[in-house]
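Peer 1: What follows is protein.cif, made up of mmCIF, C-alpha atoms, pLDDT in the B column; chains and numbers go by the auth columns:
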data_entry
#
loop_
_atom_site.group_PDB
_atom_site.id
_atom_site.type_symbol
_atom_site.label_atom_id
_atom_site.label_comp_id
_atom_site.label_asym_id
_atom_site.label_seq_id
_atom_site.Cartn_x
_atom_site.Cartn_y
_atom_site.Cartn_z
_atom_site.B_iso_or_equiv
_atom_site.auth_seq_id
_atom_site.auth_asym_id
ATOM 1 C CA MET A 1 8.138 -35.206 -23.363 38.00 191 A
ATOM 2 C CA GLU A 2 7.766 -33.136 -20.171 44.00 192 A
ATOM 3 C CA ASN A 3 6.855 -29.439 -20.353 44.00 193 A
ATOM 4 C CA PHE A 4 9.401 -27.518 -18.241 48.00 194 A
ATOM 5 C CA ASN A 5 7.713 -24.150 -18.812 56.00 195 A
ATOM 6 C CA LYS A 6 4.663 -24.837 -16.681 63.00 196 A
ATOM 7 C CA PRO A 7 4.845 -23.469 -13.114 61.00 197 A
ATOM 8 C CA TYR A 8 3.551 -26.644 -11.453 64.00 198 A
ATOM 9 C CA LEU A 9 4.526 -30.310 -11.307 65.00 199 A
ATOM 10 C CA TYR A 10 1.072 -31.855 -11.327 69.00 200 A
ATOM 11 C CA SER A 11 -2.470 -31.248 -10.134 78.00 201 A
ATOM 12 C CA PRO A 12 -4.408 -34.253 -8.784 84.00 202 A
ATOM 13 C CA ILE A 13 -7.893 -34.369 -7.291 88.00 203 A
ATOM 14 C CA VAL A 14 -7.934 -36.073 -3.904 88.00 204 A
ATOM 15 C CA THR A 15 -10.549 -36.625 -1.210 88.00 205 A
ATOM 16 C CA PHE A 16 -10.392 -35.827 2.482 85.00 206 A
ATOM 17 C CA GLU A 17 -12.706 -36.393 5.388 86.00 207 A
ATOM 18 C CA VAL A 18 -14.151 -33.718 7.682 83.00 208 A
ATOM 19 C CA ASP A 19 -16.515 -34.744 10.480 87.00 209 A
ATOM 20 C CA GLY A 20 -17.332 -37.989 8.708 88.00 210 A
ATOM 21 C CA GLN A 21 -18.076 -36.286 5.384 90.00 211 A
ATOM 22 C CA THR A 22 -15.843 -36.950 2.374 91.00 212 A
ATOM 23 C CA MET A 23 -14.974 -33.915 0.243 89.00 213 A
ATOM 24 C CA PRO A 24 -13.005 -33.652 -3.015 91.00 214 A
ATOM 25 C CA MET A 25 -10.063 -31.247 -3.239 91.00 215 A
ATOM 26 C CA LYS A 26 -7.796 -30.191 -6.070 90.00 216 A
ATOM 27 C CA LEU A 27 -4.085 -29.948 -5.241 89.00 217 A
ATOM 28 C CA VAL A 28 -1.493 -28.042 -7.248 86.00 218 A
ATOM 29 C CA TYR A 29 2.193 -28.759 -6.672 84.00 219 A
ATOM 30 C CA VAL A 30 4.026 -25.530 -7.540 84.00 220 A
ATOM 31 C CA THR A 31 7.765 -25.792 -8.181 79.00 221 A
ATOM 32 C CA LYS A 32 10.255 -23.381 -6.697 72.00 222 A
ATOM 33 C CA ARG A 33 11.949 -21.401 -9.466 69.00 223 A
ATOM 34 C CA GLY A 34 15.117 -23.109 -10.585 67.00 224 A
ATOM 35 C CA GLN A 35 14.717 -26.033 -8.149 70.00 225 A
ATOM 36 C CA SER A 36 12.365 -28.749 -9.332 68.00 226 A
ATOM 37 C CA ASP A 37 12.925 -30.815 -6.179 74.00 227 A
ATOM 38 C CA GLN A 38 11.318 -28.140 -3.952 78.00 228 A
ATOM 39 C CA TYR A 39 7.635 -27.334 -4.209 78.00 229 A
ATOM 40 C CA LEU A 40 4.626 -25.791 -2.484 82.00 230 A
ATOM 41 C CA VAL A 41 1.215 -27.475 -2.369 85.00 231 A
ATOM 42 C CA LEU A 42 -1.852 -25.301 -3.013 86.00 232 A
ATOM 43 C CA ALA A 43 -5.331 -26.684 -2.363 87.00 233 A
ATOM 44 C CA THR A 44 -8.900 -25.741 -3.271 87.00 234 A
ATOM 45 C CA THR A 45 -12.347 -27.274 -3.145 88.00 235 A
ATOM 46 C CA LYS A 46 -13.266 -25.546 -6.430 89.00 236 A
ATOM 47 C CA LEU A 47 -12.516 -28.445 -8.763 89.00 237 A
ATOM 48 C CA SER A 48 -13.435 -26.483 -11.902 90.00 238 A
ATOM 49 C CA LEU A 49 -10.441 -24.134 -11.546 88.00 239 A
ATOM 50 C CA LYS A 50 -7.431 -24.767 -13.756 87.00 240 A
ATOM 51 C CA PRO A 51 -4.029 -25.046 -12.020 86.00 241 A
ATOM 52 C CA ASP A 52 -2.903 -21.694 -13.459 85.00 242 A
ATOM 53 C CA GLU A 53 -6.024 -20.005 -12.036 87.00 243 A
ATOM 54 C CA ILE A 54 -5.368 -21.530 -8.605 86.00 244 A
ATOM 55 C CA ILE A 55 -1.766 -20.287 -8.664 84.00 245 A
ATOM 56 C CA GLN A 56 -2.917 -16.800 -9.695 85.00 246 A
ATOM 57 C CA MET A 57 -5.553 -16.740 -6.926 85.00 247 A
ATOM 58 C CA TYR A 58 -3.016 -17.710 -4.269 83.00 248 A
ATOM 59 C CA GLY A 59 -0.651 -15.051 -5.614 80.00 249 A
ATOM 60 C CA ARG A 60 -3.284 -12.355 -5.048 80.00 250 A
ATOM 61 C CA ARG A 61 -4.046 -13.776 -1.618 83.00 251 A
ATOM 62 C CA TRP A 62 -0.354 -13.603 -0.718 80.00 252 A
ATOM 63 C CA GLN A 63 -0.309 -9.900 -1.635 81.00 253 A
ATOM 64 C CA ILE A 64 -3.201 -9.339 0.786 83.00 254 A
ATOM 65 C CA GLU A 65 -1.271 -11.143 3.543 85.00 255 A
ATOM 66 C CA CYS A 66 1.759 -8.939 2.832 83.00 256 A
ATOM 67 C CA PHE A 67 -0.438 -5.828 3.073 85.00 257 A
ATOM 68 C CA PHE A 68 -1.725 -6.829 6.519 86.00 258 A
ATOM 69 C CA LYS A 69 1.801 -7.572 7.740 87.00 259 A
ATOM 70 C CA VAL A 70 3.098 -4.162 6.642 85.00 260 A
ATOM 71 C CA ALA A 71 -0.040 -2.363 7.854 86.00 261 A
ATOM 72 C CA LYS A 72 0.207 -3.886 11.316 86.00 262 A
ATOM 73 C CA GLN A 73 3.985 -3.772 11.786 85.00 263 A
ATOM 74 C CA TYR A 74 4.836 -0.418 10.261 82.00 264 A
ATOM 75 C CA LEU A 75 1.669 1.652 9.751 84.00 265 A
ATOM 76 C CA GLN A 76 0.003 1.132 13.163 82.00 266 A
ATOM 77 C CA PHE A 77 -3.105 -0.476 11.625 83.00 267 A
ATOM 78 C CA ASP A 78 -3.906 -2.412 14.794 83.00 268 A
ATOM 79 C CA GLN A 79 -2.699 0.251 17.240 81.00 269 A
ATOM 80 C CA THR A 80 -5.680 2.548 17.571 80.00 270 A
ATOM 81 C CA GLN A 81 -8.020 3.464 20.373 84.00 271 A
ATOM 82 C CA ILE A 82 -10.625 5.042 18.140 84.00 272 A
ATOM 83 C CA GLN A 83 -14.094 3.831 19.070 86.00 273 A
ATOM 84 C CA SER A 84 -16.319 5.594 16.559 88.00 274 A
ATOM 85 C CA TYR A 85 -17.130 4.024 13.214 89.00 275 A
ATOM 86 C CA ASP A 86 -16.202 7.182 11.287 88.00 276 A
ATOM 87 C CA GLY A 87 -12.907 7.436 13.156 86.00 277 A
ATOM 88 C CA LEU A 88 -12.042 3.812 12.384 84.00 278 A
ATOM 89 C CA CYS A 89 -12.913 4.341 8.714 86.00 279 A
ATOM 90 C CA GLY A 90 -10.669 7.418 8.655 87.00 280 A
ATOM 91 C CA HIS A 91 -7.831 5.504 10.332 86.00 281 A
ATOM 92 C CA LEU A 92 -8.178 2.658 7.830 86.00 282 A
ATOM 93 C CA ALA A 93 -8.210 5.144 4.942 87.00 283 A
ATOM 94 C CA MET A 94 -4.962 6.727 6.176 88.00 284 A
ATOM 95 C CA VAL A 95 -3.302 3.308 6.569 87.00 285 A
ATOM 96 C CA LEU A 96 -4.410 2.292 3.069 87.00 286 A
ATOM 97 C CA MET A 97 -3.136 5.558 1.612 88.00 287 A
ATOM 98 C CA GLY A 98 0.191 5.105 3.385 86.00 288 A
ATOM 99 C CA TYR A 99 0.492 1.570 2.052 86.00 289 A
ATOM 100 C CA ASP A 100 -0.376 2.743 -1.469 85.00 290 A
ATOM 101 C CA ILE A 101 2.372 5.364 -1.309 85.00 291 A
ATOM 102 C CA LEU A 102 4.897 2.793 -0.135 82.00 292 A
ATOM 103 C CA ALA A 103 3.781 0.276 -2.775 79.00 293 A
ATOM 104 C CA LEU A 104 4.092 2.933 -5.495 79.00 294 A
ATOM 105 C CA ALA A 105 7.569 3.871 -4.277 78.00 295 A
ATOM 106 C CA ALA A 106 8.549 0.199 -4.296 73.00 296 A
ATOM 107 C CA ARG A 107 7.206 -0.245 -7.832 72.00 297 A
ATOM 108 C CA GLU A 108 9.016 2.823 -9.141 71.00 298 A
ATOM 109 C CA ASN A 109 12.235 1.895 -7.386 69.00 299 A
ATOM 110 C CA LYS A 110 14.676 0.522 -9.933 55.00 300 A
ATOM 111 C CA ASP A 111 16.678 -1.288 -7.264 52.00 301 A
ATOM 112 C CA GLU A 112 14.901 -4.541 -6.359 45.00 302 A
ATOM 113 C CA ARG A 113 16.235 -4.534 -2.799 48.00 303 A
ATOM 114 C CA THR A 114 13.937 -3.597 0.087 53.00 304 A
ATOM 115 C CA LEU A 115 13.118 -0.003 0.873 52.00 305 A
ATOM 116 C CA GLY A 116 15.154 -0.217 4.072 55.00 306 A
ATOM 117 C CA ASP A 117 14.094 2.146 6.830 58.00 307 A
ATOM 118 C CA LEU A 118 11.340 3.805 4.802 60.00 308 A
ATOM 119 C CA PHE A 119 8.667 1.750 6.588 57.00 309 A
ATOM 120 C CA TYR A 120 10.143 2.618 9.980 58.00 310 A
ATOM 121 C CA ASP A 121 10.473 6.303 9.147 61.00 311 A
ATOM 122 C CA TYR A 122 6.913 6.412 7.833 61.00 312 A
ATOM 123 C CA GLY A 123 5.622 5.093 11.155 60.00 313 A
ATOM 124 C CA ARG A 124 7.325 7.809 13.201 64.00 314 A
ATOM 125 C CA PRO A 125 5.303 10.943 13.977 64.00 315 A
ATOM 126 C CA MET A 126 6.166 14.026 11.954 59.00 316 A
ATOM 127 C CA PRO A 127 7.418 17.077 13.829 65.00 317 A
ATOM 128 C CA ASP A 128 4.863 19.792 14.499 66.00 318 A
ATOM 129 C CA ILE A 129 5.078 22.738 12.134 68.00 319 A
ATOM 130 C CA ASP A 130 3.960 26.220 13.056 73.00 320 A
ATOM 131 C CA VAL A 131 0.979 27.148 10.872 71.00 321 A
ATOM 132 C CA ALA A 132 2.117 30.738 10.500 71.00 322 A
ATOM 133 C CA LYS A 133 5.553 29.618 9.304 78.00 323 A
ATOM 134 C CA ALA A 134 3.977 27.218 6.830 77.00 324 A
ATOM 135 C CA LEU A 135 1.687 29.910 5.415 75.00 325 A
ATOM 136 C CA ASN A 136 4.571 32.395 5.194 77.00 326 A
ATOM 137 C CA TRP A 137 6.631 29.804 3.346 82.00 327 A
ATOM 138 C CA LEU A 138 3.713 29.224 0.972 80.00 328 A
ATOM 139 C CA LEU A 139 3.295 32.944 0.292 77.00 329 A
ATOM 140 C CA GLU A 140 7.040 33.402 -0.250 83.00 330 A
ATOM 141 C CA THR A 141 7.061 30.449 -2.645 84.00 331 A
ATOM 142 C CA ILE A 142 4.138 31.865 -4.628 81.00 332 A
ATOM 143 C CA THR A 143 5.873 35.257 -4.745 81.00 333 A
ATOM 144 C CA GLY A 144 9.069 33.596 -5.983 83.00 334 A
ATOM 145 C CA LEU A 145 7.145 31.752 -8.687 80.00 335 A
ATOM 146 C CA GLY A 146 5.433 34.979 -9.713 79.00 336 A
ATOM 147 C CA LYS A 147 8.806 36.704 -10.123 80.00 337 A
ATOM 148 C CA LYS A 148 10.290 33.687 -11.922 80.00 338 A
ATOM 149 C CA PHE A 149 7.510 33.716 -14.503 79.00 339 A
ATOM 150 C CA ALA A 150 7.512 37.520 -14.732 81.00 340 A
ATOM 151 C CA MET A 151 3.985 38.020 -13.439 79.00 341 A
ATOM 152 C CA GLU A 152 2.850 41.576 -13.013 80.00 342 A
ATOM 153 C CA ALA A 153 2.686 42.811 -9.417 79.00 343 A
ATOM 154 C CA ALA A 154 -1.027 43.602 -9.789 81.00 344 A
ATOM 155 C CA VAL A 155 -1.815 40.008 -10.814 82.00 345 A
ATOM 156 C CA LEU A 156 0.263 38.612 -7.956 79.00 346 A
ATOM 157 C CA ASP A 157 -1.424 40.994 -5.480 81.00 347 A
ATOM 158 C CA ALA A 158 -4.846 39.872 -6.737 83.00 348 A
ATOM 159 C CA ILE A 159 -3.870 36.206 -6.216 81.00 349 A
ATOM 160 C CA PHE A 160 -2.705 36.971 -2.656 78.00 350 A
ATOM 161 C CA ASP A 161 -5.866 38.962 -1.886 82.00 351 A
ATOM 162 C CA GLU A 162 -8.084 36.084 -3.035 84.00 352 A
ATOM 163 C CA PHE A 163 -5.968 33.600 -1.080 79.00 353 A
ATOM 164 C CA ILE A 164 -6.215 35.695 2.118 80.00 354 A
ATOM 165 C CA LYS A 165 -9.985 36.067 1.643 83.00 355 A
ATOM 166 C CA ALA A 166 -10.333 32.265 1.435 82.00 356 A
ATOM 167 C CA LEU A 167 -8.443 31.709 4.717 76.00 357 A
ATOM 168 C CA PRO A 168 -10.244 31.497 8.051 78.00 358 A
ATOM 169 C CA SER A 169 -9.936 34.691 10.125 79.00 359 A
ATOM 170 C CA SER A 170 -7.849 32.908 12.780 75.00 360 A
ATOM 171 C CA LEU A 171 -5.187 32.094 10.177 73.00 361 A
ATOM 172 C CA VAL A 172 -5.219 35.663 8.846 76.00 362 A
ATOM 173 C CA LYS A 173 -4.467 36.878 12.404 76.00 363 A
ATOM 174 C CA LEU A 174 -1.576 34.374 12.618 68.00 364 A
ATOM 175 C CA LEU A 175 -0.158 35.729 9.365 69.00 365 A
ATOM 176 C CA ASP A 176 -0.388 39.321 10.649 71.00 366 A
ATOM 177 C CA LYS A 177 1.690 38.307 13.695 66.00 367 A
ATOM 178 C CA ALA A 178 4.359 36.521 11.684 56.00 368 A
#
How does this structure look as C-alpha coordinates?

Peer 2:
Amino acid sequence: MENFNKPYLYSPIVTFEVDGQTMPMKLVYVTKRGQSDQYLVLATTKLSLKPDEIIQMYGRRWQIECFFKVAKQYLQFDQTQIQSYDGLCGHLAMVLMGYDILALAARENKDERTLGDLFYDYGRPMPDIDVAKALNWLLETITGLGKKFAMEAAVLDAIFDEFIKALPSSLVKLLDKA
(Lines of atoms letter the chains of each structure in order from A and count residues from 1; the text may use other names and numbers.)
(Lines give C-alpha, C1' and ligand atoms only; values in the text may rest on other atoms or scores of the structure.)
Protein backbone atom coordinates (compact mmCIF):
# COMPACT_ATOMS: atom_id res chain seq x y z
CA MET A 1 0.00 0.00 0.00
CA GLU A 2 1.41 3.40 -1.03
CA ASN A 3 1.86 6.17 1.54
CA PHE A 4 0.19 9.32 0.15
CA ASN A 5 1.22 11.49 3.11
CA LYS A 6 4.91 11.62 2.27
CA PRO A 7 6.02 14.74 0.36
CA TYR A 8 8.13 12.86 -2.19
CA LEU A 9 7.61 10.10 -4.74
CA TYR A 10 10.90 8.27 -4.34
CA SER A 11 14.56 8.87 -3.57
CA PRO A 12 17.12 6.85 -5.56
CA ILE A 13 20.91 7.02 -5.44
CA VAL A 14 22.42 7.50 -8.88
CA THR A 15 25.92 8.12 -10.22
CA PHE A 16 27.15 10.84 -12.53
CA GLU A 17 30.46 11.62 -14.14
CA VAL A 18 32.45 14.84 -13.77
CA ASP A 19 35.80 15.18 -15.54
CA GLY A 20 36.13 11.41 -15.79
CA GLN A 21 35.37 10.85 -12.10
CA THR A 22 32.20 8.99 -11.09
CA MET A 23 30.31 10.43 -8.11
CA PRO A 24 27.20 9.16 -6.29
CA MET A 25 24.21 11.47 -5.84
CA LYS A 26 20.94 11.13 -3.99
CA LEU A 27 17.84 12.38 -5.83
CA VAL A 28 14.52 13.24 -4.22
CA TYR A 29 11.43 13.56 -6.41
CA VAL A 30 9.13 16.01 -4.61
CA THR A 31 5.47 16.04 -5.66
CA LYS A 32 3.57 19.23 -6.29
CA ARG A 33 0.76 19.59 -3.75
CA GLY A 34 -2.43 18.08 -5.07
CA GLN A 35 -0.86 16.97 -8.38
CA SER A 36 1.07 13.72 -8.19
CA ASP A 37 1.97 13.87 -11.89
CA GLN A 38 4.08 17.03 -11.41
CA TYR A 39 7.28 16.96 -9.41
CA LEU A 40 10.58 18.69 -8.69
CA VAL A 41 13.90 16.83 -8.48
CA LEU A 42 16.27 17.77 -5.64
CA ALA A 43 19.83 16.44 -5.63
CA THR A 44 22.66 16.14 -3.11
CA THR A 45 26.00 14.40 -2.81
CA LYS A 46 25.41 13.85 0.93
CA LEU A 47 24.05 10.31 0.72
CA SER A 48 23.50 10.03 4.48
CA LEU A 49 20.69 12.63 4.46
CA LYS A 50 17.12 11.36 4.61
CA PRO A 51 14.71 12.64 1.93
CA ASP A 52 12.83 14.76 4.48
CA GLU A 53 16.10 16.43 5.54
CA ILE A 54 16.97 17.19 1.91
CA ILE A 55 13.54 18.75 1.34
CA GLN A 56 13.89 20.85 4.50
CA MET A 57 17.39 22.01 3.47
CA TYR A 58 16.19 23.09 0.04
CA GLY A 59 13.26 24.90 1.67
CA ARG A 60 15.66 26.99 3.76
CA ARG A 61 17.83 27.61 0.71
CA TRP A 62 14.78 28.84 -1.21
CA GLN A 63 14.06 31.36 1.55
CA ILE A 64 17.61 32.70 1.16
CA GLU A 65 17.08 33.06 -2.61
CA CYS A 66 13.84 34.95 -1.94
CA PHE A 67 15.67 37.28 0.46
CA PHE A 68 18.29 38.16 -2.17
CA LYS A 69 15.60 38.79 -4.79
CA VAL A 70 13.69 41.18 -2.52
CA ALA A 71 16.88 42.82 -1.23
CA LYS A 72 18.14 43.53 -4.73
CA GLN A 73 14.86 44.49 -6.40
CA TYR A 74 13.19 46.52 -3.68
CA LEU A 75 15.71 47.42 -0.96
CA GLN A 76 18.62 48.62 -3.15
CA PHE A 77 21.00 45.96 -1.80
CA ASP A 78 23.15 46.00 -4.93
CA GLN A 79 22.77 49.73 -5.66
CA THR A 80 25.43 51.31 -3.50
CA GLN A 81 28.59 53.24 -4.18
CA ILE A 82 29.97 52.88 -0.68
CA GLN A 83 33.62 51.85 -0.77
CA SER A 84 34.52 51.54 2.89
CA TYR A 85 34.09 48.28 4.76
CA ASP A 86 32.21 49.94 7.63
CA GLY A 87 29.90 51.71 5.19
CA LEU A 88 29.12 48.46 3.38
CA CYS A 89 28.43 46.72 6.69
CA GLY A 90 26.09 49.56 7.66
CA HIS A 91 24.31 49.38 4.30
CA LEU A 92 23.89 45.61 4.64
CA ALA A 93 22.58 46.04 8.19
CA MET A 94 19.95 48.54 6.99
CA VAL A 95 18.88 46.22 4.15
CA LEU A 96 18.61 43.28 6.55
CA MET A 97 16.59 45.34 9.01
CA GLY A 98 14.28 46.49 6.23
CA TYR A 99 13.78 42.91 5.08
CA ASP A 100 13.10 41.78 8.66
CA ILE A 101 10.42 44.45 9.02
CA LEU A 102 8.79 43.40 5.76
CA ALA A 103 8.99 39.70 6.68
CA LEU A 104 7.41 40.42 10.08
CA ALA A 105 4.62 42.41 8.44
CA ALA A 106 4.04 39.56 6.00
CA ARG A 107 3.92 37.02 8.84
CA GLU A 108 1.48 39.10 10.89
CA ASN A 109 -0.70 39.82 7.88
CA LYS A 110 -3.81 37.68 8.07
CA ASP A 111 -4.45 38.00 4.35
CA GLU A 112 -2.18 35.56 2.48
CA ARG A 113 -2.01 37.75 -0.62
CA THR A 114 1.14 39.74 -1.36
CA LEU A 115 1.89 42.98 0.41
CA GLY A 116 1.30 44.91 -2.82
CA ASP A 117 3.14 48.19 -3.11
CA LEU A 118 4.73 47.99 0.34
CA PHE A 119 8.06 46.87 -1.16
CA TYR A 120 7.96 49.69 -3.70
CA ASP A 121 7.01 52.30 -1.11
CA TYR A 122 9.75 51.09 1.23
CA GLY A 123 12.34 51.64 -1.49
CA ARG A 124 11.35 55.27 -2.07
CA PRO A 125 13.24 57.94 -0.11
CA MET A 126 11.39 59.48 2.81
CA PRO A 127 10.71 63.21 2.71
CA ASP A 128 13.08 65.39 4.70
CA ILE A 129 11.70 66.52 8.04
CA ASP A 130 12.79 69.70 9.76
CA VAL A 131 14.58 68.77 12.99
CA ALA A 132 13.09 71.68 14.89
CA LYS A 133 9.57 70.66 13.86
CA ALA A 134 10.25 67.07 14.90
CA LEU A 135 11.56 68.12 18.31
CA ASN A 136 8.62 70.49 18.83
CA TRP A 137 6.23 67.68 17.95
CA LEU A 138 8.02 65.43 20.44
CA LEU A 139 7.82 68.03 23.21
CA GLU A 140 4.14 68.70 22.50
CA THR A 141 3.43 64.96 22.57
CA ILE A 142 5.21 64.55 25.91
CA THR A 143 3.28 67.54 27.28
CA GLY A 144 0.02 66.01 26.07
CA LEU A 145 0.88 62.69 27.72
CA GLY A 146 1.77 64.49 30.94
CA LYS A 147 -1.63 66.21 30.98
CA LYS A 148 -3.44 62.99 30.04
CA PHE A 149 -1.90 61.14 32.98
CA ALA A 150 -2.32 64.12 35.31
CA MET A 151 1.37 64.68 35.94
CA GLU A 152 2.27 67.64 38.07
CA ALA A 153 3.72 70.62 36.19
CA ALA A 154 6.91 70.47 38.28
CA VAL A 155 7.54 66.84 37.28
CA LEU A 156 6.88 67.61 33.62
CA ASP A 157 9.19 70.66 33.78
CA ALA A 158 11.93 68.50 35.32
CA ILE A 159 11.55 65.95 32.49
CA PHE A 160 11.81 68.73 29.88
CA ASP A 161 14.84 70.28 31.61
CA GLU A 162 16.67 66.93 31.63
CA PHE A 163 15.71 66.32 28.00
CA ILE A 164 17.01 69.77 26.94
CA LYS A 165 20.24 69.21 28.88
CA ALA A 166 20.81 65.93 27.00
CA LEU A 167 20.41 67.59 23.58
CA PRO A 168 23.38 68.98 21.67
CA SER A 169 23.64 72.78 21.85
CA SER A 170 22.92 73.13 18.11
CA LEU A 171 19.53 71.45 18.58
CA VAL A 172 18.73 73.62 21.61
CA LYS A 173 19.33 76.71 19.41
CA LEU A 174 16.98 75.24 16.76
CA LEU A 175 14.29 74.77 19.40
CA ASP A 176 14.70 78.38 20.59
CA LYS A 177 14.07 79.57 17.01
CA ALA A 178 11.00 77.42 16.49

Peer 1: Go through A:Lys338, A:Ala261, A:Asn326, A:Ala295 and flag the residue nearest Leu282 (chain A), using all atoms listed in the file for the distances.

Peer 2: A:Ala261

Peer 1: I'd like the contact shell of Ile332 (chain A) - 9 Å cut-off, only C-alpha atoms, skipping same-chain residues fewer than 5 positions apart - returned as a ChimeraX atom specification.

Peer 2: /A:327,337,346,350

Peer 1: Would you mind telling me which residue in A:Gln253, A:Ser201, A:Gln271, A:Gln246 lies nearest to Lys216 (chain A) when using only C-alpha atoms?

Peer 2: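 Comparing A:Gln253, A:Ser201, A:Gln271, A:Gln246 against Lys216 (chain A), the winner is A:Ser201.
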
Peer 1: Give me, please, the distance in Å between CA of Leu230 (chain A) and CA of Glu298 (chain A), quoted to one decimal.

Peer 2: 29.7 Å

Peer 1: At what distance in Å, to one decimal, does CA of Ala296 (chain A) lie from CA of Gly277 (chain A)?

Peer 2: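 Taking CA of Gly277 (chain A) and CA of Ala296 (chain A), their separation equals 28.6 Å.
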
Peer 1: Applying 12 Å and only C-alpha atoms, which residues near Ser360 (chain A) remain after dropping the ones on its own chain fewer than 6 positions away? List them as a short mmCIF file (atom, residue, chain, number, x, y, z; two decimals) with C-alpha atoms, keeping the file's coordinate frame.

Peer 2:
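Generated output (out_5.cif):
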data_model
loop_
_atom_site.label_atom_id
_atom_site.label_comp_id
_atom_site.auth_asym_id
_atom_site.auth_seq_id
_atom_site.Cartn_x
_atom_site.Cartn_y
_atom_site.Cartn_z
CA VAL A 321 0.98 27.15 10.87
CA ALA A 322 2.12 30.74 10.50
CA ILE A 354 -6.22 35.70 2.12
CA ASP A 366 -0.39 39.32 10.65
CA LYS A 367 1.69 38.31 13.70
#

Peer 1: Enumerate, as a PyMOL selection string, the residues matched when the PyMOL selection byres ((chain A and resi 236) around 12) is run on the file above.

Peer 2: chain A and resi 203+213-217+232-235+237-241+243-244+247

Peer 1: Using all atoms listed in the file, which residue out of A:Phe353, A:Asp227, A:Val345, A:Lys259 lies closest to Leu328 (chain A)?

Peer 2: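 Selected residue with least distance to Leu328 (chain A): A:Phe353.
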
Peer 1: With all atoms listed in the file as the counted atoms, please give the residues lying no more than 9 Å from Gly288 (chain A), apart from itself and same-chain residues fewer than 3 positions off, as a VMD selection string.

Peer 2: chain A and resid 261 265 283 to 285 291 to 293 312

Peer 1: Between A:Leu286, A:Ile272, A:Cys279, A:Ala324, which one has atoms that come closest to Val260 (chain A), using all atoms listed in the file?

Peer 2: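 The closest residue to Val260 (chain A) is A:Leu286.
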
Peer 1: Kindly compute an axis-aligned box around the listed atoms of region 254-268 of chain A, allowing 3 Å on each side, and express its centre and edge lengths in Å to one decimal as lines of an AutoDock Vina configuration file.

Peer 2:
center_x = 0.5
center_y = -4.7
center_z = 7.8
size_x = 14.7
size_y = 18.8
size_z = 20.0

Peer 1: How many Å separate CA of Thr331 (chain A) from CA of Val362 (chain A)?

Peer 2: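 Atom-to-atom, CA of Thr331 (chain A) to CA of Val362 (chain A), that is 17.6 Å.
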
Peer 1: Considering only C-alpha atoms, can you say which of A:Glu207, A:Ala343, A:Pro202, A:Gln266 comes closest to Val231 (chain A)?

Peer 2: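 For Val231 (chain A), the nearest of the given residues is A:Pro202.
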